[in-house]
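See below for the structure under consideration.
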Amino acid sequence: MRHGSVRYLLAGRFASMAWVEWGDPEAPPLICLHGLTRNGRDFDPLAQALSADFRVICPDLPGRGASDWLADPQLYVPPSYLAPMSHLLAVIGKPVAFLGTSLGGIVGMLLAACEGHPISRLVLNDVGALIPAAALARIRDYMGRQFDFADVAALTQHLRVIHYPFGDLSAAQWAHLGTHSARSTPEGRVVMHYDPAIATPILANEPADADLSAIWGRVKIPVLTIRGESSDLLLPETLARMAADGAQTHVVENAGHAPALMDAPTIKVIRDFLLA
């Protein structure tokens, strides 16, 4: 595993976005982009599994993990993330495959809807052309509460509760997520490894259905859409509509929003799609 970062300009201020990467630097690049409160280390097992075929690059979006926090909380919205991601794409300088979980998938769709984009294939993990208001309300409810913990073990237990829809993860896999979700405070407590202000735009608005049909309609590259079997964010009818539009689909059993992509069958589906 290697570390990297890129400087980008957003709203008159330069900042840094960090990433970790796996595999041969000369191999075909694959970007894996995480969900709302997560970070690039979520993809360690997937990246290791795919590193024989790809240079797997896993960024931390602004305000998460090792990346700089933004001075203006109102910038924690998907269009703002196009700035650091476009800088990263420019640094890579060649066509890339792109995998995005939830928010990461929205960013992937936004990029793939732009003229002249370099994305060759797109994997959407539990996100699609419509996001129901009920799912956004659920996310807003847990984003509106701030927690601190005595240690990483307590934080990990919290993750097992709020993110149980990630699927049937082993104790070691939950421990991995907990370790890389933790940030120590000066007071010796442990908190989640993101800027609490990322919740500001979500808390400021009453949840309503997010219709991404116009964006989805401009995505003209091969797409694999993954759904957690019980997901409340990517509904079966939305998945069926995307399949009718030409997307390949895969449903992860015993998972909701969003599958952790740590199980061997799902990793095989992703690899087969990317190598087709």
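Within each chain, counting starts at residue 1; across the structure tokens, chains are named A, B, ... in the order shown, with ligands numbered 1 upward in that order.
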
What's around region 212-220 of chain A at 6 Å? Count only C-alpha atoms, leave out sequence neighbours fewer than 4 positions away in its own chain, and write the answer as a PDB file with C-alpha atoms, in the first residue's frame.
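Listing of around_18.pdb after writing:
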```pdb
ATOM      1  CA  ALA A 112     -19.425  10.142 -16.126  1.00  0.00           C
ATOM      2  CA  ALA A 113     -22.172  12.533 -17.241  1.00  0.00           C
ATOM      3  CA  ALA A 129     -31.266   7.081 -10.498  1.00  0.00           C
ATOM      4  CA  LEU A 130     -33.551   7.821  -7.522  1.00  0.00           C
TER       5      LEU A 130
END
```

So which residues of region 112-273 of chain A fall under strand (DSSP E) by DSSP, listed as a ChimeraX atom specification? /A:119-125,130-131,182-184,190-192,210-211,223-228,248-252

Mind the document's chain letters and residue numbers, and return as number ranges by chain the residues of region 74-111 of chain A that DSSP labels helix (DSSP H, G or I). A: 74-75, 78-92, 103-111

Could the residues in this selection be written to a file with N, CA and C atoms, as a PDB file, in the first residue's frame?
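Final file, again09.pdb:
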```pdb
ATOM      1  N   GLN A  74     -21.009  24.441   3.876  1.00  0.00           N
ATOM      2  CA  GLN A  74     -21.981  24.337   2.785  1.00  0.00           C
ATOM      3  C   GLN A  74     -21.367  23.698   1.535  1.00  0.00           C
ATOM      4  N   LEU A  75     -20.049  23.582   1.504  1.00  0.00           N
ATOM      5  CA  LEU A  75     -19.390  22.967   0.348  1.00  0.00           C
ATOM      6  C   LEU A  75     -19.375  21.436   0.432  1.00  0.00           C
ATOM      7  N   PRO A  78     -22.168  17.020  -3.232  1.00  0.00           N
ATOM      8  CA  PRO A  78     -21.529  16.312  -4.353  1.00  0.00           C
ATOM      9  C   PRO A  78     -20.876  17.187  -5.415  1.00  0.00           C
ATOM     10  N   PRO A  79     -21.488  18.297  -5.871  1.00  0.00           N
ATOM     11  CA  PRO A  79     -20.806  19.076  -6.914  1.00  0.00           C
ATOM     12  C   PRO A  79     -19.431  19.585  -6.493  1.00  0.00           C
ATOM     13  N   SER A  80     -19.247  19.869  -5.200  1.00  0.00           N
ATOM     14  CA  SER A  80     -17.940  20.345  -4.736  1.00  0.00           C
ATOM     15  C   SER A  80     -16.864  19.285  -4.887  1.00  0.00           C
ATOM     16  N   TYR A  81     -17.248  18.017  -4.811  1.00  0.00           N
ATOM     17  CA  TYR A  81     -16.259  16.945  -4.865  1.00  0.00           C
ATOM     18  C   TYR A  81     -15.731  16.720  -6.275  1.00  0.00           C
ATOM     19  N   LEU A  82     -16.365  17.335  -7.265  1.00  0.00           N
ATOM     20  CA  LEU A  82     -15.857  17.220  -8.628  1.00  0.00           C
ATOM     21  C   LEU A  82     -14.502  17.911  -8.767  1.00  0.00           C
ATOM     22  N   ALA A  83     -14.248  18.945  -7.968  1.00  0.00           N
ATOM     23  CA  ALA A  83     -12.963  19.650  -8.064  1.00  0.00           C
ATOM     24  C   ALA A  83     -11.795  18.741  -7.669  1.00  0.00           C
ATOM     25  N   PRO A  84     -11.794  18.158  -6.463  1.00  0.00           N
ATOM     26  CA  PRO A  84     -10.657  17.276  -6.139  1.00  0.00           C
ATOM     27  C   PRO A  84     -10.593  16.045  -7.030  1.00  0.00           C
ATOM     28  N   MET A  85     -11.759  15.509  -7.403  1.00  0.00           N
ATOM     29  CA  MET A  85     -11.727  14.305  -8.232  1.00  0.00           C
ATOM     30  C   MET A  85     -11.209  14.611  -9.636  1.00  0.00           C
ATOM     31  N   SER A  86     -11.547  15.763 -10.187  1.00  0.00           N
ATOM     32  CA  SER A  86     -11.037  16.104 -11.515  1.00  0.00           C
ATOM     33  C   SER A  86      -9.534  16.340 -11.474  1.00  0.00           C
ATOM     34  N   HIS A  87      -9.036  16.898 -10.362  1.00  0.00           N
ATOM     35  CA  HIS A  87      -7.588  17.037 -10.206  1.00  0.00           C
ATOM     36  C   HIS A  87      -6.919  15.671 -10.133  1.00  0.00           C
ATOM     37  N   LEU A  88      -7.516  14.737  -9.412  1.00  0.00           N
ATOM     38  CA  LEU A  88      -6.961  13.391  -9.335  1.00  0.00           C
ATOM     39  C   LEU A  88      -6.962  12.730 -10.711  1.00  0.00           C
ATOM     40  N   LEU A  89      -8.052  12.874 -11.459  1.00  0.00           N
ATOM     41  CA  LEU A  89      -8.113  12.295 -12.800  1.00  0.00           C
ATOM     42  C   LEU A  89      -7.031  12.898 -13.695  1.00  0.00           C
ATOM     43  N   ALA A  90      -6.781  14.188 -13.534  1.00  0.00           N
ATOM     44  CA  ALA A  90      -5.729  14.829 -14.331  1.00  0.00           C
ATOM     45  C   ALA A  90      -4.351  14.290 -13.963  1.00  0.00           C
ATOM     46  N   VAL A  91      -4.118  14.030 -12.677  1.00  0.00           N
ATOM     47  CA  VAL A  91      -2.833  13.472 -12.245  1.00  0.00           C
ATOM     48  C   VAL A  91      -2.652  12.070 -12.828  1.00  0.00           C
ATOM     49  N   ILE A  92      -3.723  11.277 -12.835  1.00  0.00           N
ATOM     50  CA  ILE A  92      -3.637   9.924 -13.387  1.00  0.00           C
ATOM     51  C   ILE A  92      -3.354   9.987 -14.884  1.00  0.00           C
ATOM     52  N   LEU A 103     -22.628   7.935  -1.775  1.00  0.00           N
ATOM     53  CA  LEU A 103     -22.163   9.255  -2.205  1.00  0.00           C
ATOM     54  C   LEU A 103     -21.070   9.134  -3.258  1.00  0.00           C
ATOM     55  N   GLY A 104     -20.156   8.194  -3.085  1.00  0.00           N
ATOM     56  CA  GLY A 104     -19.110   7.996  -4.087  1.00  0.00           C
ATOM     57  C   GLY A 104     -19.675   7.643  -5.443  1.00  0.00           C
ATOM     58  N   GLY A 105     -20.784   6.896  -5.461  1.00  0.00           N
ATOM     59  CA  GLY A 105     -21.431   6.573  -6.720  1.00  0.00           C
ATOM     60  C   GLY A 105     -22.094   7.778  -7.359  1.00  0.00           C
ATOM     61  N   ILE A 106     -22.658   8.664  -6.539  1.00  0.00           N
ATOM     62  CA  ILE A 106     -23.228   9.903  -7.080  1.00  0.00           C
ATOM     63  C   ILE A 106     -22.137  10.728  -7.752  1.00  0.00           C
ATOM     64  N   VAL A 107     -20.996  10.839  -7.095  1.00  0.00           N
ATOM     65  CA  VAL A 107     -19.878  11.572  -7.695  1.00  0.00           C
ATOM     66  C   VAL A 107     -19.443  10.895  -8.989  1.00  0.00           C
ATOM     67  N   GLY A 108     -19.408   9.565  -8.991  1.00  0.00           N
ATOM     68  CA  GLY A 108     -19.050   8.847 -10.211  1.00  0.00           C
ATOM     69  C   GLY A 108     -20.015   9.124 -11.348  1.00  0.00           C
ATOM     70  N   MET A 109     -21.314   9.147 -11.054  1.00  0.00           N
ATOM     71  CA  MET A 109     -22.298   9.470 -12.095  1.00  0.00           C
ATOM     72  C   MET A 109     -22.124  10.892 -12.608  1.00  0.00           C
ATOM     73  N   LEU A 110     -21.883  11.829 -11.688  1.00  0.00           N
ATOM     74  CA  LEU A 110     -21.676  13.221 -12.104  1.00  0.00           C
ATOM     75  C   LEU A 110     -20.479  13.334 -13.043  1.00  0.00           C
ATOM     76  N   LEU A 111     -19.400  12.650 -12.710  1.00  0.00           N
ATOM     77  CA  LEU A 111     -18.217  12.691 -13.570  1.00  0.00           C
ATOM     78  C   LEU A 111     -18.504  12.041 -14.923  1.00  0.00           C
TER      79      LEU A 111
END
```

Pick from A:Leu224, A:Ile119, A:Met1, A:Ala133, whichever lies nearest to Arg55 (chain A) using only C-alpha atoms: A:Met1

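As for CA of Leu234 (chain A) and CA of Val127 (chain A), they are spaced 5.3 Å apart.
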
Asp148 (chain A) environment, 7 Å, only C-alpha atoms, sequence neighbours closer than 4 positions dropped, as a ChimeraX atom specification: /A:189-191

Hey, which of A:Ala171, A:Leu36, A:Ala244, A:Leu99 ends up closest to Pro201 (chain A)? Count only C-alpha atoms. A:Leu36

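Between CA of Asn205 (chain A) and CA of Asp72 (chain A) lies a distance of 16.7 Å.
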
Could you list, as number ranges by chain, every residue within 9 Å of Thr101 (chain A), counting only C-alpha atoms and ignoring same-chain residues fewer than 5 positions away? A: 32-36, 106, 123-127, 258-260

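Reported to one decimal place, the separation of CA of Pro207 (chain A) from CA of Asn39 (chain A) is 24.0 Å.
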
Contact table region 113-150 of chain A vs region 181-185 of chain A, cut-off 12 Å, shortest pair per residue, only C-alpha atoms, as CSV:
```
residue,atom,partner,partner_atom,distance
A:Phe147,CA,A:Ala182,CA,11.5
A:Asp148,CA,A:Thr185,CA,9.1
A:Phe149,CA,A:Ala182,CA,9.5
A:Ala150,CA,A:Ser184,CA,9.8
```

C-alpha atoms of the current selection, written as a compact mmCIF listing (two decimals), in the first residue's frame:
```txt
# COMPACT_ATOMS: atom_id res chain seq x y z
CA PHE A 147 -20.78 10.62 19.58
CA ASP A 148 -17.47 10.16 21.31
CA PHE A 149 -16.12 6.94 22.71
CA ALA A 150 -13.71 5.72 25.35
```

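For the residues A:Gly4, A:Pro236, A:Pro165, A:Pro95, ranking by smallest atom-to-atom distance to Ile131 (chain A) using only C-alpha atoms places A:Pro236 first.
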